[in-house]
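Asker: See structure.cif below, with mmCIF, C-alpha atoms.
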```cif
data_input
#
loop_
_atom_site.label_atom_id
_atom_site.label_comp_id
_atom_site.auth_asym_id
_atom_site.auth_seq_id
_atom_site.Cartn_x
_atom_site.Cartn_y
_atom_site.Cartn_z
CA MET A 122 21.25 6.51 -20.90
CA LYS A 123 18.47 5.75 -23.38
CA GLU A 124 15.81 6.56 -20.75
CA PHE A 125 17.62 9.75 -19.74
CA ASN A 126 17.79 11.05 -23.31
CA LYS A 127 14.04 10.68 -23.79
CA ILE A 128 13.64 14.03 -22.00
CA THR A 129 15.47 17.20 -23.00
CA ALA A 130 17.54 19.27 -20.57
CA ASP A 131 14.79 21.91 -20.58
CA GLY A 132 12.29 19.19 -19.74
CA TYR A 133 14.27 18.21 -16.65
CA VAL A 134 14.54 21.88 -15.62
CA SER A 135 10.76 22.15 -15.85
CA LYS A 136 10.31 19.02 -13.74
CA LEU A 137 12.67 20.28 -11.05
CA SER A 138 11.22 23.78 -10.91
CA ASN A 139 7.64 24.19 -12.11
CA ASP A 140 6.48 20.66 -11.31
CA VAL A 141 8.08 20.64 -7.86
CA PHE A 142 6.54 24.05 -7.12
CA GLN A 143 3.11 22.78 -8.20
CA ILE A 144 3.47 19.64 -6.10
CA GLU A 145 4.52 21.68 -3.07
CA THR A 146 1.85 24.40 -3.26
CA GLN A 147 -1.07 22.47 -4.74
CA GLY A 148 -0.21 18.96 -3.64
CA LEU A 149 1.50 18.76 -0.26
CA MET A 150 -0.19 21.82 1.25
CA SER A 151 -3.59 20.62 0.04
CA LEU A 152 -2.92 17.17 1.48
CA TYR A 153 -2.02 18.69 4.86
CA ASN A 154 -5.18 20.85 4.82
CA LEU A 155 -7.22 17.81 3.81
CA PHE A 156 -6.27 15.81 6.91
CA SER A 157 -6.59 18.85 9.18
CA ASN A 158 -10.15 19.52 8.04
CA ILE A 159 -11.14 15.86 8.21
CA TRP A 160 -10.30 15.82 11.93
CA LEU A 161 -12.28 19.02 12.50
CA VAL A 162 -15.32 17.53 10.72
CA LEU A 163 -15.15 14.33 12.80
CA PHE A 164 -14.92 16.18 16.13
CA SER A 165 -17.78 18.51 15.17
CA MET A 166 -19.91 15.55 14.06
CA ALA A 167 -19.34 13.85 17.43
CA ALA A 168 -20.43 17.00 19.26
CA LEU A 169 -23.48 17.37 17.00
CA ALA A 170 -24.54 13.80 17.82
CA LEU A 171 -24.96 14.83 21.46
CA PHE A 172 -27.86 17.09 20.44
CA ASN A 173 -29.68 14.78 18.03
CA LEU A 174 -28.69 11.96 15.67
CA TRP A 175 -31.01 13.29 12.96
CA LEU A 176 -28.77 16.34 12.75
CA VAL A 177 -25.81 14.04 12.07
CA VAL A 178 -27.77 12.21 9.35
CA LEU A 179 -28.73 15.50 7.67
CA VAL A 180 -25.23 16.99 7.89
CA THR A 181 -23.69 13.78 6.55
CA THR A 182 -26.07 13.80 3.56
CA LEU A 183 -25.41 17.46 2.79
CA THR A 184 -21.67 16.91 3.21
CA GLY A 185 -21.78 14.14 0.60
CA LEU A 186 -23.55 16.45 -1.83
CA ILE A 187 -20.97 19.21 -1.30
CA LEU A 188 -18.05 16.81 -1.79
CA TYR A 189 -19.65 15.45 -4.96
CA ILE A 190 -19.07 18.78 -6.71
CA PRO A 191 -15.24 18.59 -7.01
CA ARG A 192 -15.54 14.90 -7.93
CA LYS A 193 -17.93 15.85 -10.74
CA PHE A 194 -15.37 18.23 -12.19
CA GLY A 195 -12.38 15.99 -11.36
CA ASN A 196 -11.59 14.91 -14.92
CA VAL A 197 -11.75 18.50 -16.14
CA LEU A 198 -9.23 19.56 -13.49
CA VAL A 199 -6.95 16.62 -14.27
CA ASP A 200 -6.90 17.59 -17.95
CA LEU A 201 -6.27 21.26 -17.13
CA GLY A 202 -3.50 20.37 -14.69
CA GLN A 203 -1.80 18.17 -17.26
CA GLN A 204 -2.12 20.89 -19.87
CA LEU A 205 -0.59 23.45 -17.49
CA SER A 206 2.37 21.17 -16.75
CA LEU A 207 2.98 20.68 -20.47
CA SER A 208 2.68 24.43 -21.06
CA ASN A 209 5.29 25.11 -18.37
CA ALA A 210 7.67 22.61 -19.96
CA GLN A 211 7.09 24.06 -23.44
CA PHE A 212 7.60 27.60 -22.15
CA ILE A 213 10.97 26.74 -20.60
CA LYS A 214 11.95 24.85 -23.76
CA HIS A 215 11.11 27.81 -26.02
CA ILE A 216 12.76 30.41 -23.78
CA GLY A 217 15.89 28.27 -23.45
CA ASN A 218 15.97 27.88 -27.22
CA ILE A 219 15.75 31.65 -27.72
CA ILE A 220 18.49 32.40 -25.18
CA LYS A 221 20.82 29.80 -26.68
CA GLY A 222 20.27 31.34 -30.10
CA TYR A 223 20.80 34.93 -29.00
CA THR A 224 23.86 35.44 -31.20
CA VAL A 225 21.93 34.16 -34.22
CA PHE A 226 19.31 36.87 -33.74
CA ARG A 227 22.02 39.46 -33.10
CA TYR A 228 24.17 38.69 -36.11
CA ASN A 229 21.10 38.60 -38.35
CA ASN A 230 19.79 41.96 -37.14
CA SER A 231 16.70 40.33 -35.61
CA LEU A 232 16.97 41.14 -31.90
CA ALA A 233 13.52 42.73 -32.00
CA GLN A 234 12.07 39.25 -32.58
CA ILE A 235 13.21 38.02 -29.14
CA PRO A 236 10.65 39.97 -27.03
CA LYS A 237 7.96 39.16 -29.60
CA LYS A 238 8.61 35.44 -29.34
CA ILE A 239 8.82 35.56 -25.54
CA THR A 240 5.49 37.42 -25.42
CA GLU A 241 3.92 34.85 -27.74
CA TYR A 242 5.03 31.90 -25.60
CA SER A 243 4.11 33.74 -22.37
CA GLU A 244 0.57 34.37 -23.60
CA GLU A 245 0.04 30.68 -24.27
CA LEU A 246 1.15 29.80 -20.73
CA ALA A 247 -0.89 32.66 -19.23
CA ASN A 248 -4.04 31.53 -21.05
CA ASN A 249 -3.73 28.04 -19.59
CA LYS A 250 -3.21 29.46 -16.09
CA ILE A 251 -6.22 31.76 -16.47
CA THR A 252 -8.40 28.86 -17.65
CA ILE A 253 -7.55 26.63 -14.70
CA THR A 254 -7.91 29.54 -12.24
CA LYS A 255 -11.37 30.43 -13.60
CA THR A 256 -12.48 26.81 -13.40
CA LYS A 257 -11.31 26.51 -9.80
CA ALA A 258 -13.01 29.81 -8.91
CA LYS A 259 -16.34 28.61 -10.32
CA ILE A 260 -16.15 25.36 -8.38
CA THR A 261 -15.10 27.18 -5.18
CA ASN A 262 -17.99 29.64 -5.43
CA PHE A 263 -20.48 26.84 -6.03
CA ILE A 264 -19.14 24.94 -3.02
CA ALA A 265 -19.39 28.08 -0.85
CA PHE A 266 -23.00 28.65 -1.94
CA SER A 267 -23.87 25.00 -1.24
CA SER A 268 -22.25 25.27 2.20
CA LEU A 269 -24.30 28.36 3.07
CA MET A 270 -27.56 26.74 1.96
CA SER A 271 -26.70 23.61 3.95
CA GLN A 272 -26.20 25.64 7.14
CA MET A 273 -29.63 27.21 6.68
CA ILE A 274 -31.22 23.77 6.25
CA VAL A 275 -29.56 22.54 9.47
CA ASP A 276 -30.86 25.59 11.35
CA VAL A 277 -34.39 24.88 10.09
CA LEU A 278 -34.21 21.21 11.17
CA THR A 279 -32.80 22.13 14.60
CA GLY A 280 -35.60 24.64 15.11
CA PHE A 281 -38.18 22.01 14.15
CA LEU A 282 -36.63 19.46 16.55
CA ALA A 283 -36.71 22.06 19.34
CA ILE A 284 -40.40 22.78 18.67
CA ILE A 285 -41.36 19.10 18.91
CA GLY A 286 -39.21 18.65 22.01
CA GLN A 287 -36.50 16.45 20.48
CA THR A 288 -33.77 18.91 21.49
CA THR A 289 -33.33 22.09 23.51
CA ILE A 290 -33.77 25.67 22.31
CA GLY A 291 -30.07 26.32 23.06
CA ALA A 292 -29.16 23.61 20.57
CA ILE A 293 -30.24 25.90 17.73
CA SER A 294 -27.27 28.22 18.32
CA SER A 295 -24.80 25.46 19.21
CA SER A 296 -25.75 23.17 16.34
CA GLY A 297 -25.57 26.15 13.99
CA ASN A 298 -21.99 26.83 15.05
CA LEU A 299 -21.04 23.16 14.75
CA ALA A 300 -22.71 22.91 11.35
CA ALA A 301 -20.84 26.02 10.25
CA ASN A 302 -17.56 24.38 11.32
CA ILE A 303 -18.44 21.22 9.44
CA PHE A 304 -19.57 22.88 6.22
CA ASN A 305 -16.68 25.35 6.21
CA SER A 306 -14.28 22.46 6.69
CA VAL A 307 -16.07 20.47 4.00
CA SER A 308 -15.79 23.47 1.67
CA LEU A 309 -12.05 23.55 2.34
CA LEU A 310 -11.98 19.78 1.86
CA GLY A 311 -13.59 20.27 -1.52
CA GLN A 312 -11.01 22.87 -2.45
CA SER A 313 -8.20 20.56 -1.30
CA VAL A 314 -9.63 17.70 -3.36
CA MET A 315 -9.91 20.09 -6.30
CA GLU A 316 -6.27 21.18 -5.94
CA LEU A 317 -5.12 17.57 -5.61
CA LYS A 318 -7.08 16.63 -8.73
CA SER A 319 -5.48 19.42 -10.72
CA VAL A 320 -1.96 18.44 -9.64
CA GLU A 321 -2.59 14.68 -9.89
CA PRO A 322 -1.09 14.24 -13.39
CA VAL A 323 1.98 16.24 -12.36
CA MET A 324 2.50 14.09 -9.25
CA GLU A 325 1.96 10.86 -11.18
CA ASN A 326 4.42 11.95 -13.83
CA PHE A 327 6.98 13.12 -11.29
CA PHE A 328 6.88 10.20 -8.85
CA SER A 329 6.39 7.46 -11.44
CA GLU A 330 9.55 8.42 -13.34
CA LYS A 331 11.88 5.49 -13.42
CA SER A 332 14.78 5.97 -11.08
CA VAL A 333 18.24 5.77 -12.52
CA LYS A 334 18.74 2.15 -13.39
CA GLN A 335 20.84 0.38 -10.82
CA HIS A 336 21.87 -2.64 -12.84
CA ASN A 337 22.79 -5.72 -10.90
CA LYS A 338 26.15 -5.88 -12.60
CA ASN A 339 29.55 -6.70 -11.29
CA SER A 340 31.77 -3.64 -11.30
CA LEU A 341 35.11 -4.06 -13.00
CA ASN A 342 37.62 -2.06 -11.00
CA HIS A 343 40.71 -3.20 -12.88
CA PHE A 344 41.53 -3.88 -16.52
CA THR A 345 44.21 -6.54 -16.77
CA ASP A 346 44.17 -8.20 -20.17
CA SER A 347 41.99 -7.38 -23.18
CA ILE A 348 38.65 -6.46 -24.72
CA GLN A 349 37.62 -9.00 -27.35
CA ILE A 350 34.95 -8.07 -29.89
CA GLU A 351 33.51 -11.05 -31.76
CA ASN A 352 30.99 -10.85 -34.62
CA LEU A 353 29.59 -7.56 -33.35
CA SER A 354 26.54 -6.26 -35.20
CA PHE A 355 24.30 -3.31 -34.43
CA GLY A 356 21.83 -1.09 -36.22
CA TYR A 357 18.93 1.17 -35.35
CA ASN A 358 17.20 -0.48 -38.29
CA GLU A 359 17.49 -4.28 -38.47
CA ASN A 360 17.60 -4.19 -42.25
CA ASN A 361 20.39 -1.63 -42.33
CA PRO A 362 23.06 -2.42 -39.70
CA ILE A 363 25.65 0.23 -38.91
CA ILE A 364 28.14 -2.39 -37.74
CA ALA A 365 28.07 -5.92 -39.18
CA ASN A 366 30.13 -8.94 -38.03
CA PHE A 367 32.93 -6.77 -36.68
CA ASN A 368 35.90 -8.41 -34.95
CA PHE A 369 38.54 -6.54 -32.99
CA ASP A 370 40.93 -7.24 -30.09
CA ILE A 371 42.02 -4.45 -27.75
CA LYS A 372 45.05 -5.34 -25.63
CA LYS A 373 45.89 -3.64 -22.35
CA GLY A 374 48.22 -0.72 -22.99
CA GLY A 375 47.53 -0.82 -26.73
CA LYS A 376 46.96 2.27 -28.86
CA TYR A 377 44.34 1.92 -31.60
CA LEU A 378 43.20 4.32 -34.30
CA LEU A 379 39.76 3.88 -35.86
CA THR A 380 39.24 5.49 -39.24
CA GLY A 381 36.44 5.39 -41.78
CA ASP A 382 33.78 7.37 -43.55
CA SER A 383 31.21 9.38 -41.65
CA GLY A 384 28.38 7.09 -40.55
CA SER A 385 30.49 3.94 -40.71
CA GLY A 386 29.93 3.19 -37.01
CA LYS A 387 33.14 4.39 -35.36
CA SER A 388 31.44 6.52 -32.70
CA THR A 389 28.71 3.91 -32.33
CA LEU A 390 31.36 1.32 -31.50
CA LEU A 391 32.71 3.53 -28.71
CA LYS A 392 29.19 4.07 -27.34
CA ILE A 393 28.77 0.29 -27.25
CA LEU A 394 32.08 -0.16 -25.43
CA ILE A 395 31.17 2.41 -22.77
CA GLY A 396 27.83 0.66 -22.20
CA ASP A 397 25.50 3.33 -23.59
CA ILE A 398 24.19 0.90 -26.22
CA GLU A 399 23.35 -2.64 -25.13
CA ASN A 400 21.04 -4.06 -27.79
CA TYR A 401 23.86 -5.35 -29.99
CA SER A 402 24.45 -8.90 -31.18
CA GLY A 403 27.70 -10.77 -30.93
CA LYS A 404 30.15 -10.87 -28.04
CA ILE A 405 32.23 -8.26 -26.27
CA LEU A 406 34.42 -9.79 -23.58
CA VAL A 407 36.17 -7.51 -21.10
CA ASP A 408 38.84 -9.58 -19.37
CA GLY A 409 36.75 -12.61 -20.27
CA GLN A 410 33.44 -11.23 -18.99
CA GLU A 411 30.53 -10.27 -21.24
CA LEU A 412 30.19 -6.48 -21.43
CA LYS A 413 26.41 -6.65 -20.88
CA ASP A 414 27.00 -8.34 -17.52
CA VAL A 415 29.55 -5.93 -16.08
CA ASN A 416 29.82 -2.25 -15.22
CA VAL A 417 32.85 -0.76 -16.96
CA GLN A 418 32.46 2.82 -15.73
CA HIS A 419 35.37 2.39 -13.32
CA ILE A 420 37.85 1.41 -16.03
CA ILE A 421 36.68 3.13 -19.23
CA GLN A 422 36.48 6.88 -19.91
CA TYR A 423 34.66 8.26 -22.95
CA ILE A 424 35.81 11.67 -24.20
CA ASP A 425 34.45 13.52 -27.20
CA GLN A 426 34.89 17.06 -28.53
CA ASP A 427 32.15 18.50 -26.33
CA ASN A 428 33.22 18.38 -22.70
CA TYR A 429 30.86 20.28 -20.46
CA LEU A 430 32.25 22.39 -17.64
CA PHE A 431 30.00 23.27 -14.71
CA ASN A 432 29.64 26.77 -13.27
CA ASP A 433 31.72 25.76 -10.27
CA THR A 434 35.33 25.66 -9.14
CA TYR A 435 38.05 23.88 -11.09
CA LYS A 436 38.29 21.51 -8.13
CA GLU A 437 34.61 20.54 -8.36
CA ASN A 438 34.86 20.23 -12.15
CA ILE A 439 37.58 17.62 -11.68
CA SER A 440 36.25 15.83 -8.60
CA LEU A 441 32.55 16.06 -9.63
CA GLY A 442 31.64 15.94 -5.94
CA ASN A 443 33.78 12.90 -5.14
CA LYS A 444 36.26 13.16 -2.30
CA TYR A 445 39.74 13.82 -3.62
CA THR A 446 42.47 15.73 -1.84
CA ASP A 447 43.88 18.92 -3.31
CA THR A 448 47.14 17.06 -3.86
CA GLU A 449 45.41 14.36 -5.92
CA ILE A 450 43.65 16.99 -8.01
CA ILE A 451 46.86 18.91 -8.66
CA GLU A 452 48.63 15.67 -9.64
CA ALA A 453 45.86 14.93 -12.16
CA LEU A 454 46.13 18.47 -13.55
CA ASN A 455 49.89 18.12 -13.92
CA LYS A 456 49.53 14.75 -15.64
CA ALA A 457 47.18 16.41 -18.14
CA SER A 458 49.78 19.17 -18.73
CA ILE A 459 47.49 21.83 -17.28
CA ASP A 460 49.53 24.89 -16.39
CA PHE A 461 46.85 27.56 -16.82
CA ILE A 462 45.22 27.08 -13.40
CA ASP A 463 46.90 28.90 -10.53
CA ASP A 464 44.11 28.23 -8.01
CA ILE A 465 41.82 25.20 -8.11
CA ALA A 466 39.27 27.16 -6.05
CA LYS A 467 38.68 29.59 -8.91
CA LEU A 468 35.29 29.50 -10.59
CA VAL A 469 34.63 28.27 -14.10
CA LYS A 470 31.93 30.39 -15.70
CA ASN A 471 29.60 29.87 -18.64
CA ASN A 472 30.84 26.40 -19.57
CA GLY A 473 34.46 27.60 -19.62
CA SER A 474 33.89 30.29 -22.24
CA ASN A 475 37.22 31.86 -21.28
CA LEU A 476 39.10 28.60 -21.99
CA SER A 477 40.34 27.32 -25.32
CA GLY A 478 39.21 24.00 -26.77
CA GLY A 479 42.56 22.44 -25.94
CA GLN A 480 42.35 23.58 -22.32
CA LYS A 481 38.87 22.12 -21.93
CA GLN A 482 40.03 18.81 -23.41
CA ARG A 483 42.91 18.63 -20.95
CA LEU A 484 40.47 19.20 -18.09
CA ALA A 485 38.47 16.26 -19.44
CA LEU A 486 41.63 14.16 -19.38
CA ALA A 487 42.31 15.25 -15.79
CA ARG A 488 38.88 13.90 -14.84
CA ALA A 489 39.94 10.53 -16.27
CA PHE A 490 43.43 10.58 -14.76
CA ILE A 491 42.27 11.28 -11.20
CA ARG A 492 39.96 8.27 -11.42
CA ASN A 493 42.77 6.06 -12.72
CA LYS A 494 40.80 5.01 -15.78
CA SER A 495 42.62 2.29 -17.70
CA VAL A 496 40.90 2.72 -21.07
CA ILE A 497 40.31 6.01 -22.90
CA LEU A 498 37.80 6.09 -25.76
CA PHE A 499 38.64 9.30 -27.62
CA ASP A 500 35.88 10.25 -30.06
CA GLU A 501 36.95 13.07 -32.40
CA GLY A 502 38.37 14.78 -29.33
CA THR A 503 40.75 16.99 -31.30
CA SER A 504 38.58 17.72 -34.34
CA SER A 505 37.98 21.34 -33.33
CA LEU A 506 41.54 22.03 -32.13
CA ASP A 507 44.52 23.46 -33.95
CA LYS A 508 47.45 21.22 -34.78
CA LYS A 509 49.55 22.31 -31.80
CA ASN A 510 46.86 21.45 -29.27
CA SER A 511 45.89 18.30 -31.15
CA LEU A 512 49.47 17.02 -30.94
CA LEU A 513 49.65 17.91 -27.25
CA ILE A 514 46.45 16.04 -26.41
CA GLU A 515 47.27 13.00 -28.53
CA ASN A 516 50.79 12.74 -27.13
CA LEU A 517 49.43 12.79 -23.58
CA LEU A 518 47.45 9.69 -24.46
CA LEU A 519 49.81 7.87 -26.79
CA GLU A 520 52.95 8.27 -24.68
CA ASP A 521 51.36 6.89 -21.51
CA LYS A 522 52.34 3.23 -21.54
CA GLU A 523 49.73 2.26 -18.95
CA LEU A 524 46.79 3.67 -20.87
CA THR A 525 44.75 1.70 -23.38
CA VAL A 526 43.59 4.14 -26.05
CA VAL A 527 40.98 3.73 -28.78
CA MET A 528 40.87 6.90 -30.86
CA VAL A 529 38.38 7.90 -33.55
CA THR A 530 39.35 10.60 -36.01
CA HIS A 531 38.68 11.65 -39.58
CA HIS A 532 42.01 13.43 -39.86
CA PRO A 533 44.84 11.50 -38.17
CA LEU A 534 48.04 13.45 -37.58
CA GLU A 535 50.91 12.11 -39.63
CA GLU A 536 53.33 12.78 -36.78
CA ASN A 537 51.52 10.26 -34.57
CA ILE A 538 50.48 7.52 -36.99
CA ASN A 539 53.49 5.37 -36.06
CA LYS A 540 52.62 5.61 -32.36
CA PHE A 541 49.52 3.48 -32.84
CA ASP A 542 49.79 -0.28 -32.49
CA GLN A 543 47.02 -0.77 -35.03
CA VAL A 544 45.03 1.37 -37.46
CA VAL A 545 41.58 -0.10 -38.07
CA SER A 546 39.51 1.06 -41.02
CA ILE A 547 35.77 0.63 -40.48
CA LYS A 548 33.65 0.54 -43.60
CA LYS A 549 29.90 0.66 -44.07
#
```
As structure tokens, how would this structure be written, given the file I've shared?
Answerer:
Amino acid sequence: MKEFNKITADGYVSKLSNDVFQIETQGLMSLYNLFSNIWLVLFSMAALALFNLWLVVLVTTLTGLILYIPRKFGNVLVDLGQQLSLSNAQFIKHIGNIIKGYTVFRYNNSLAQIPKKITEYSEELANNKITITKTKAKITNFIAFSSLMSQMIVDVLTGFLAIIGQTTIGAISSSGNLAANIFNSVSLLGQSVMELKSVEPVMENFFSEKSVKQHNKNSLNHFTDSIQIENLSFGYNENNPIIANFNFDIKKGGKYLLTGDSGSGKSTLLKILIGDIENYSGKILVDGQELKDVNVQHIIQYIDQDNYLFNDTYKENISLGNKYTDTEIIEALNKASIDFIDDIAKLVKNNGSNLSGGQKQRLALARAFIRNKSVILFDEGTSSLDKKNSLLIENLLLEDKELTVVMVTHHPLEENINKFDQVVSIKK
């Protein structure tokens, strides 16, 4: 989770669009052309050797000089390629930021600023593209000129060898054609090397990204007893811990309410319990096993006030691509008291903009119910809901005897206080 959050959503979009496109067009195609032209050069060299070995020596020397050109400018192309990749990422970031803030511009009578800002960011990206294109064009032209001069030198040597009787007169035409094949291929080789150099930082960045960590942890598929928290301490700053020497026992089926001032560590505690934060001190034992050594994703569900809905069907939003039958999905919807869906094949659009906060929260609960999660960590899940919906959501959790619930809230509902087995006040 920590590694994932190092890059913004816009950054991932850039990687999966611009970077992939660059790798495909400048990387893979150039690599294919590279090997194709290498074979053509080798076959032509072999044929040229039949006329005279001195021709092979000369062509090899000239080939080395031609290939030296893109190597000479390699670092420049690497820097430009890296700069272009960063510009693409920044462009997507800025455009996404503008689109997300459209209503801010609208309500503040500043819509005219949107095209101005887009133009500004587009010009920066365009300038980087123009710079790298110009640089490549200069190198390509120089390679082409060098190739032409090299062919002329080969023709001169072949003519000289024919005059002194080292080869036939007909070799002048044939060797010229072979030399043309070689130098044209070498020119294309140079361009391929140039393209690969320019996309090198993008490929390194893309393929060296750490894959999603597959921890060698035992998966807990059932929660049978308790979660014991002993002397738990955590802080982003060692000298200022958010949680210090905290002790807490969570029994199976228990209902717990965490209260406290903002910044006292309530939400942080839930993030620790779900496994998002691991660099804590103390012990957390889940059915007797240390939390750091086990995967609790099968038994614990974390729900906060912001539950994202994908632009997909209700069915896919509940199943998330896992194989569940329609009957299982409908049962989960019913358990979450969802009566506003008449067809699970209907599409959810724009993050469920047509749904109320309470409806979105119940869909989040349905995701947990269909997976038979035993523990629900509810982090301010009703803070943006009205009292009616808040009561409905809380009752769904508190009246289920099988569920273990740990709820964080700043404003507990008086009607439900007595339904909690324990109210824990966390202080700074």
Asker: Per residue of stretch 403-483 of chain A within 9 Å of stretch 335-358 of chain A, record the nearest atom pair and its distance in Å to one decimal, counting only C-alpha atoms, with rows in chain order and ascending residue number, as CSV.
Answerer:
```
residue,atom,partner,partner_atom,distance
A:Gly403,CA,A:Leu353,CA,4.4
A:Lys404,CA,A:Glu351,CA,5.0
A:Ile405,CA,A:Ile350,CA,4.5
A:Leu406,CA,A:Gln349,CA,5.0
A:Val407,CA,A:Ile348,CA,4.5
A:Asp408,CA,A:Ser347,CA,5.4
A:Gly409,CA,A:Ile348,CA,7.8
A:Lys413,CA,A:Lys338,CA,8.3
A:Asp414,CA,A:Lys338,CA,5.6
A:Val415,CA,A:Asn339,CA,4.9
A:Asn416,CA,A:Ser340,CA,4.6
A:Val417,CA,A:Leu341,CA,5.6
A:Gln418,CA,A:Leu341,CA,7.9
A:His419,CA,A:Asn342,CA,5.5
A:Ile420,CA,A:Asn342,CA,6.1
A:Ile421,CA,A:Phe344,CA,8.9
```
Asker: Rounded to one decimal place, report the atom CA of A:Leu519-atom CA of A:Lys392 distance in Å.
Answerer: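 Separation of atom CA of A:Leu519 and atom CA of A:Lys392: 21.0 Å.
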Asker: Which neighbours of A:Ile187 fall inside 12 Å, counting all atoms listed in the file, when residues of the same chain fewer than 2 positions from it are skipped, and could you give them as a compact mmCIF listing (two decimals) with C-alpha atoms, in the frame of the given file?
Answerer:
```
# COMPACT_ATOMS: atom_id res chain seq x y z
CA VAL A 180 -25.23 16.99 7.89
CA THR A 181 -23.69 13.78 6.55
CA THR A 182 -26.07 13.80 3.56
CA LEU A 183 -25.41 17.46 2.79
CA THR A 184 -21.67 16.91 3.21
CA GLY A 185 -21.78 14.14 0.60
CA TYR A 189 -19.65 15.45 -4.96
CA ILE A 190 -19.07 18.78 -6.71
CA PRO A 191 -15.24 18.59 -7.01
CA ARG A 192 -15.54 14.90 -7.93
CA LYS A 193 -17.93 15.85 -10.74
CA ILE A 260 -16.15 25.36 -8.38
CA THR A 261 -15.10 27.18 -5.18
CA ASN A 262 -17.99 29.64 -5.43
CA PHE A 263 -20.48 26.84 -6.03
CA ILE A 264 -19.14 24.94 -3.02
CA ALA A 265 -19.39 28.08 -0.85
CA PHE A 266 -23.00 28.65 -1.94
CA SER A 267 -23.87 25.00 -1.24
CA SER A 268 -22.25 25.27 2.20
CA LEU A 269 -24.30 28.36 3.07
CA MET A 270 -27.56 26.74 1.96
CA SER A 271 -26.70 23.61 3.95
CA GLN A 272 -26.20 25.64 7.14
CA ILE A 303 -18.44 21.22 9.44
CA PHE A 304 -19.57 22.88 6.22
CA ASN A 305 -16.68 25.35 6.21
CA SER A 306 -14.28 22.46 6.69
CA VAL A 307 -16.07 20.47 4.00
CA SER A 308 -15.79 23.47 1.67
CA LEU A 309 -12.05 23.55 2.34
CA LEU A 310 -11.98 19.78 1.86
CA GLY A 311 -13.59 20.27 -1.52
CA GLN A 312 -11.01 22.87 -2.45
CA VAL A 314 -9.63 17.70 -3.36
```
Asker: Any chance you could resolve the PyMOL selection byres ((chain A and resi 425-436) around 9) against this file and give the residues as a VMD selection string?
Answerer: chain A and resid 423 to 424 437 to 442 447 450 to 451 462 464 to 473 478 481 to 482 484 to 485 498 to 505
Asker: Determine the nearest neighbour of A:Val197 from the options A:Thr256, A:Asn366, A:Thr224, A:Thr240, counting all atoms listed in the file.
Answerer: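 Result for the nearest residue to A:Val197: A:Thr256.
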Asker: In Å, how far is it from atom CA of A:Leu179 to atom CA of A:Trp160?
Answerer: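 Between atom CA of A:Leu179 and atom CA of A:Trp160 the gap is 18.9 Å.
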